[in-house]
Amino acid sequence: MKNKKELIMKSVMSLVKENGIKGLTVSVIAKHAGIGKGTIYEYFSCKEDIFFAAMEYGISSCVKEISEKTFINQPNYKQAINNFINISYEIVKSGVFIAFTTNPKLFTFDSYKFDEIREMMTKQFEPIITVSHKINKIGIDEDIVKEPINPLTHFIFVNMILSTVMQIVHGTIKKGNETNDFLYQMALKLFN
């Protein structure tokens, strides 16, 4: 049998994707996972802990997907950037994290939890910075870009891509080759 904690996380992610956060209870999660409500409490003390763990699980899964799919078929520098943009777009567009972040009452954590959330987010996004390094390495091998002097350049690159993707999903920026080309040109400037 699957790891029950992972089964719970997958159920939460599936339910949020289908119906959003509203009305999501421990009973609904348990029913969807095919386990007893008491089993959930063996792993989590409250609903907020379940949501926190689900966010961590979901972010980790998405980051893994980005890390793997960006480099399928050994892309060139521009293709790797386009892959990073397009895969990130598909993940954000799926709506799972938007559902989590649009309900302000969801996370009524004590202040200690904010530090835990920040630490979790930092840890979960480290592989995305590795994606930036790998993309940059492709560009270096193609003699298009250089290794940046300041390591913050990789953070800026990742934030530029992910912020733009969020704006595309929200309709503020148009999705398409023009946007991808602009981001590619900005990457050239960042890494030269």
# chains A, B, ... in the order shown; residues from 1 in each chain; ligands from 1

call {"tool": "residues_around", "arguments": {"residues": "stretch 75-82 of chain A", "least_positions_apart": "2", "cutoff": "7 Å", "atoms": "only C-alpha atoms", "output": "PyMOL selection string"}}
result
chain A and resi 70-73+84-86+135+138-139+180+184

call {"tool": "residues_around", "arguments": {"residues": "A:Leu190", "least_positions_apart": "6", "cutoff": "12 Å", "atoms": "only C-alpha atoms", "output": "number ranges by chain"}}
result
A: 132, 136, 139, 144-158, 160, 183-184

call {"tool": "write_last_selection", "arguments": {"atoms": "N, CA and C atoms", "output": "mmCIF file, in the first residue's frame"}}
result
data_model
loop_
_atom_site.group_PDB
_atom_site.id
_atom_site.type_symbol
_atom_site.label_atom_id
_atom_site.label_comp_id
_atom_site.auth_asym_id
_atom_site.auth_seq_id
_atom_site.Cartn_x
_atom_site.Cartn_y
_atom_site.Cartn_z
ATOM 1 N N SER A 132 18.246 27.034 -13.027
ATOM 2 C CA SER A 132 18.857 28.232 -13.599
ATOM 3 C C SER A 132 20.331 27.998 -13.915
ATOM 4 N N ASN A 136 21.975 28.052 -17.579
ATOM 5 C CA ASN A 136 23.119 28.934 -17.827
ATOM 6 C C ASN A 136 24.312 28.151 -18.368
ATOM 7 N N GLY A 139 24.006 27.683 -21.977
ATOM 8 C CA GLY A 139 24.368 28.930 -22.659
ATOM 9 C C GLY A 139 25.864 29.178 -22.673
ATOM 10 N N ILE A 144 27.133 31.703 -25.490
ATOM 11 C CA ILE A 144 26.122 32.765 -25.600
ATOM 12 C C ILE A 144 26.146 33.661 -24.364
ATOM 13 N N VAL A 145 26.371 33.035 -23.194
ATOM 14 C CA VAL A 145 26.372 33.774 -21.928
ATOM 15 C C VAL A 145 27.604 33.388 -21.120
ATOM 16 N N LYS A 146 27.738 34.061 -19.980
ATOM 17 C CA LYS A 146 28.863 33.804 -19.077
ATOM 18 C C LYS A 146 28.333 33.388 -17.710
ATOM 19 N N GLU A 147 29.210 32.857 -16.901
ATOM 20 C CA GLU A 147 28.848 32.567 -15.511
ATOM 21 C C GLU A 147 28.772 33.913 -14.786
ATOM 22 N N PRO A 148 27.675 34.185 -14.104
ATOM 23 C CA PRO A 148 27.565 35.492 -13.446
ATOM 24 C C PRO A 148 28.542 35.629 -12.288
ATOM 25 N N ILE A 149 28.995 36.831 -12.078
ATOM 26 C CA ILE A 149 29.886 37.124 -10.951
ATOM 27 C C ILE A 149 29.086 37.059 -9.651
ATOM 28 N N ASN A 150 27.881 37.567 -9.680
ATOM 29 C CA ASN A 150 27.040 37.605 -8.489
ATOM 30 C C ASN A 150 26.043 36.442 -8.531
ATOM 31 N N PRO A 151 26.074 35.559 -7.548
ATOM 32 C CA PRO A 151 25.146 34.418 -7.547
ATOM 33 C C PRO A 151 23.677 34.825 -7.457
ATOM 34 N N LEU A 152 23.405 36.054 -7.026
ATOM 35 C CA LEU A 152 22.017 36.529 -6.982
ATOM 36 C C LEU A 152 21.396 36.620 -8.376
ATOM 37 N N THR A 153 22.237 36.621 -9.393
ATOM 38 C CA THR A 153 21.739 36.677 -10.767
ATOM 39 C C THR A 153 20.792 35.512 -11.038
ATOM 40 N N HIS A 154 21.100 34.338 -10.488
ATOM 41 C CA HIS A 154 20.228 33.180 -10.690
ATOM 42 C C HIS A 154 18.879 33.384 -9.993
ATOM 43 N N PHE A 155 18.880 33.993 -8.826
ATOM 44 C CA PHE A 155 17.621 34.296 -8.152
ATOM 45 C C PHE A 155 16.796 35.286 -8.964
ATOM 46 N N ILE A 156 17.455 36.282 -9.515
ATOM 47 C CA ILE A 156 16.758 37.280 -10.334
ATOM 48 C C ILE A 156 16.158 36.618 -11.566
ATOM 49 N N PHE A 157 16.926 35.746 -12.212
ATOM 50 C CA PHE A 157 16.434 35.042 -13.397
ATOM 51 C C PHE A 157 15.185 34.217 -13.068
ATOM 52 N N VAL A 158 15.272 33.423 -12.008
ATOM 53 C CA VAL A 158 14.139 32.575 -11.615
ATOM 54 C C VAL A 158 12.927 33.427 -11.264
ATOM 55 N N MET A 160 12.275 36.443 -12.280
ATOM 56 C CA MET A 160 11.794 37.075 -13.511
ATOM 57 C C MET A 160 10.865 36.114 -14.258
ATOM 58 N N LEU A 183 11.791 37.387 -22.565
ATOM 59 C CA LEU A 183 12.467 36.785 -21.407
ATOM 60 C C LEU A 183 13.825 36.204 -21.803
ATOM 61 N N TYR A 184 13.910 35.638 -22.986
ATOM 62 C CA TYR A 184 15.192 35.134 -23.485
ATOM 63 C C TYR A 184 16.191 36.279 -23.626
#

call {"tool": "closest_residue", "arguments": {"among": "A:Val12, A:Glu90, A:Gly176, A:Gly38", "to": "A:Ala53", "atoms": "only C-alpha atoms"}}
result
A:Val12

call {"tool": "closest_residue", "arguments": {"among": "A:Ile40, A:Cys62, A:Leu24, A:Ala54", "to": "A:Lys10", "atoms": "only C-alpha atoms"}}
result
A:Ala54

call {"tool": "residues_around", "arguments": {"residues": "A:Gln124", "least_positions_apart": "4", "cutoff": "9 Å", "atoms": "only C-alpha atoms", "output": "JSON, numbers by chain"}}
result
{"A": [56, 59, 60, 63, 119, 120, 128]}

call {"tool": "write_last_selection", "arguments": {"atoms": "N, CA and C atoms", "output": "PDB file, in the first residue's frame"}}
result
ATOM      1  N   GLU A  56       3.734  22.030   0.855  1.00  0.00           N
ATOM      2  CA  GLU A  56       5.121  21.579   0.753  1.00  0.00           C
ATOM      3  C   GLU A  56       5.234  20.439  -0.261  1.00  0.00           C
ATOM      4  N   ILE A  59       4.528  21.871  -3.873  1.00  0.00           N
ATOM      5  CA  ILE A  59       5.655  22.660  -4.380  1.00  0.00           C
ATOM      6  C   ILE A  59       6.798  21.733  -4.766  1.00  0.00           C
ATOM      7  N   SER A  60       7.088  20.775  -3.908  1.00  0.00           N
ATOM      8  CA  SER A  60       8.154  19.823  -4.193  1.00  0.00           C
ATOM      9  C   SER A  60       7.887  19.052  -5.486  1.00  0.00           C
ATOM     10  N   VAL A  63       8.308  21.486  -8.503  1.00  0.00           N
ATOM     11  CA  VAL A  63       9.717  21.805  -8.720  1.00  0.00           C
ATOM     12  C   VAL A  63      10.423  20.616  -9.371  1.00  0.00           C
ATOM     13  N   GLU A 119      11.015  28.998   5.663  1.00  0.00           N
ATOM     14  CA  GLU A 119      12.079  27.994   5.547  1.00  0.00           C
ATOM     15  C   GLU A 119      11.703  26.905   4.551  1.00  0.00           C
ATOM     16  N   MET A 120      10.455  26.469   4.596  1.00  0.00           N
ATOM     17  CA  MET A 120       9.991  25.439   3.670  1.00  0.00           C
ATOM     18  C   MET A 120      10.071  25.929   2.233  1.00  0.00           C
ATOM     19  N   ILE A 128      15.028  24.893  -8.086  1.00  0.00           N
ATOM     20  CA  ILE A 128      14.745  25.810  -9.198  1.00  0.00           C
ATOM     21  C   ILE A 128      15.983  26.646  -9.501  1.00  0.00           C
TER      22      ILE A 128
END
